[in-house]
Amino acid sequence: MVSTHVLSDVERVCDRVAILDRGRLVTESALDRLLAEHVRPLYRLTAEPDQEAAIARLVETLRATAWVTDVSPSADGNLRITVRDPGAAGASLLAMVVGAGVRVAVFERVRPTLEDVFLELVGTPTADELDGRGFVRPRETGR
């Protein structure tokens, strides 16, 4: 048995995983099953340098698309795109990238991670759930 917050280590060494949220069991399953059942398909796009305007257009377009659930741009020109409909994404996503004028260095569908599963099941804590040091406060009893 291993207990850790370093989910990349868990993925590397464990077959079965239990996810806890503030001391409560959220789920327990085989790692492969968790990854298959709880995470939406992800795409990673790396644009060629100096394309801030084209990337901004693409982000705006993607955020207005019904089958896109999340778009996470980074400062280095990467986009992480989460979709709810892999068929629609497969048919349309690359055309949307080209239509926005983005010059692509890398475009790929990526395997979700255990951290993706954790965030989908537990969510990201809000500022009022943190204790000021970055730790999540325990839930009050009776909630």
# chains A, B, ... in the order shown; residues from 1 in each chain; ligands from 1
$ select_by_dssp --residues "chain A" --states "strand (DSSP E or B)" --output "MDAnalysis selection string"
chainID A and resid 16:21 24:30 42:47 68:73 78:83 104:110 130 136
$ closest_atom_pairs --of "stretch 52-91 of chain A" --to "stretch 99-122 of chain A" --cutoff "7 Å" --atoms "only C-alpha atoms" --output "tab-separated table"
residue	atom	partner	partner_atom	distance
A:Ala54	CA	A:Val102	CA	5.4
A:Ile55	CA	A:Val102	CA	6.3
A:Arg57	CA	A:Ala100	CA	6.0
A:Leu58	CA	A:Ala100	CA	5.3
$ residues_around --residues "A:Gly87" --least-positions-apart "6" --cutoff "12 Å" --atoms "only C-alpha atoms" --output "list of chain:residue names"
A:Pro41, A:Trp67, A:Val68, A:Leu93
$ atom_distance --atom1 "atom CA of A:Val83" --atom2 "atom CA of A:Leu62"
9.8 Å
$ select_by_dssp --residues "stretch 25-141 of chain A" --states "helix (DSSP H, G or I)" --output "PyMOL selection string"
chain A and resi 31-38+52-63+86-99+114-122+127-129
$ residues_around --residues "A:Leu79" --least-positions-apart "4" --cutoff "9 Å" --atoms "only C-alpha atoms" --output "list of chain:residue names"
A:Tyr43, A:Arg44, A:Leu45, A:Thr46, A:Ala47, A:Ile55, A:Val59, A:Val71, A:Ser72, A:Pro73, A:Ser74
$ atom_distance --atom1 "atom CA of A:Leu42" --atom2 "atom CA of A:Val17"
21.3 Å
$ closest_residue --among "A:Glu52, A:Ala88, A:Gly123, A:Ala75" --to "A:Asp21" --atoms "only C-alpha atoms"
A:Gly123
$ atom_distance --atom1 "atom CA of A:Arg40" --atom2 "atom CA of A:Asp128"
27.5 Å
$ closest_residue --among "A:Ala66, A:Ala127, A:Ala30, A:Val10" --to "A:Thr82" --atoms "only C-alpha atoms"
A:Ala66
